[in-house]
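Engineer: One structure coming up, written as structure tokens, with questions to follow.
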Amino acid sequence: VLVHNRSAVAPEILARYGAEQVRDLDDLLPRCDFVSLHCPGGEANRHLINARRLDLMKPEAFLINTARGEVVDEQALAQALWFNTIGGAALDVFEREPEVHNDLLGADNLVMLPHLGSATRQTREDMGFRVLQNLNDFFQGKTPRDQVA
């Protein structure tokens, strides 16, 4: 497991998962069989995965984007898929939701889903209970489990 994060991941967490934190995304991409994106959207990460970075990936690697649509340059991804410069991709978010880039349609090495991976009864109930746990922690003077800094 390779990790790239904007801040250092605690060594004990890396050790627990047998993971290695790499210096930057360009160092990570050529080493991965699967690249799974979990970053915020917005201007800072717009087209974080672009043609240059797709070219860094292994020809058999897969890109998975469950983060935000604008993180991936869909035109560049379409070219990488159609010309088989990467093995494939899975997307549940899109750059211009609900529209899907025309050049992505028909790529047989792409799986597309609507952004509803958490849309199960159990997951939604668990999410609601987690909110209640955080509120309970807060009102008891404890640090909420999912505090955002």
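Letters for chains follow the order of the structure tokens (A, B, ...), residue numbers begin at 1 for each chain, and ligand numbers begin at 1 in the order shown.
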Wanna dump the stretch 49-92 of chain A-stretch 7-31 of chain A contacts at 6 Å for me, each residue with its shortest atom pair and the distance in Å to one decimal, counting only C-alpha atoms, ordered by chain and number, as a Markdown table?

Structural biologist:
```
| residue | atom | partner | partner_atom | distance |
| --- | --- | --- | --- | --- |
| A:Leu56 | CA | A:Pro30 | CA | 5.3 |
| A:Met57 | CA | A:Pro30 | CA | 4.7 |
| A:Lys58 | CA | A:Pro30 | CA | 5.7 |
```

Engineer: Considering only C-alpha atoms, return as a short mmCIF file (atom, residue, chain, number, x, y, z; two decimals) with C-alpha atoms, in the first residue's frame whatever protein or nucleic-acid residues lie within 10 Å of A:Leu116, sequence-local ones (same chain, fewer than 4 positions apart) excluded.

Structural biologist:
```cif
data_model
loop_
_atom_site.label_atom_id
_atom_site.label_comp_id
_atom_site.auth_asym_id
_atom_site.auth_seq_id
_atom_site.Cartn_x
_atom_site.Cartn_y
_atom_site.Cartn_z
CA THR A 66 -14.77 8.41 -5.86
CA ASP A 92 -18.72 7.39 -9.66
CA VAL A 93 -18.19 11.14 -9.98
CA THR A 120 -27.57 1.40 1.36
#
```

Engineer: As a PyMOL selection string, list the residues of stretch 2-48 of chain A assigned to strand (DSSP E or B) by DSSP on the backbone atoms of this structure.

Structural biologist: chain A and resi 2-3+20-21+34-37

Engineer: If you take only C-alpha atoms and a cut-off of 8 Å, which residues of stretch 65-143 of chain A touch stretch 41-55 of chain A, and what are their nearest atom pairs and distances in Å to one decimal, in chain and number order, as a tab-separated table?

Structural biologist:
```
residue	atom	partner	partner_atom	distance
A:Ala67	CA	A:Gly41	CA	7.2
A:Arg68	CA	A:Gly41	CA	5.3
A:Gly69	CA	A:Gly41	CA	7.6
A:Glu70	CA	A:Arg46	CA	5.2
A:Val71	CA	A:His47	CA	4.7
A:Val72	CA	A:His47	CA	4.7
A:Asp73	CA	A:His47	CA	4.8
A:Ala76	CA	A:Ala51	CA	5.0
A:Leu77	CA	A:Ala51	CA	7.1
A:Ala80	CA	A:Leu54	CA	7.0
A:Thr85	CA	A:Asp55	CA	7.0
A:Ile86	CA	A:Leu54	CA	7.4
```

Engineer: Out of chain A, which residues get alpha helix (DSSP H) from DSSP, as number ranges by chain?

Structural biologist: A: 11-16, 25-28, 51-56, 74-82, 121-139

Engineer: Atom CA of A:Asp126 to atom CA of A:Phe94: how many Å, to one decimal?

Structural biologist: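 Taking atom CA of A:Asp126 as the start and atom CA of A:Phe94 as the end point, the length is 26.1 Å.
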
Engineer: Between A:Ser36, A:Thr143, A:Gln75, A:Gln122, single out the one closest to A:Ala90, counting only C-alpha atoms.

Structural biologist: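 Among A:Ser36, A:Thr143, A:Gln75, A:Gln122, it is A:Ser36 that comes nearest to A:Ala90.
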
Engineer: Report, in Å with one decimal, the straight-line distance from atom CA of A:Gly87 to atom CA of A:His115.

Structural biologist: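 Between these atoms lies a distance of 22.1 Å.
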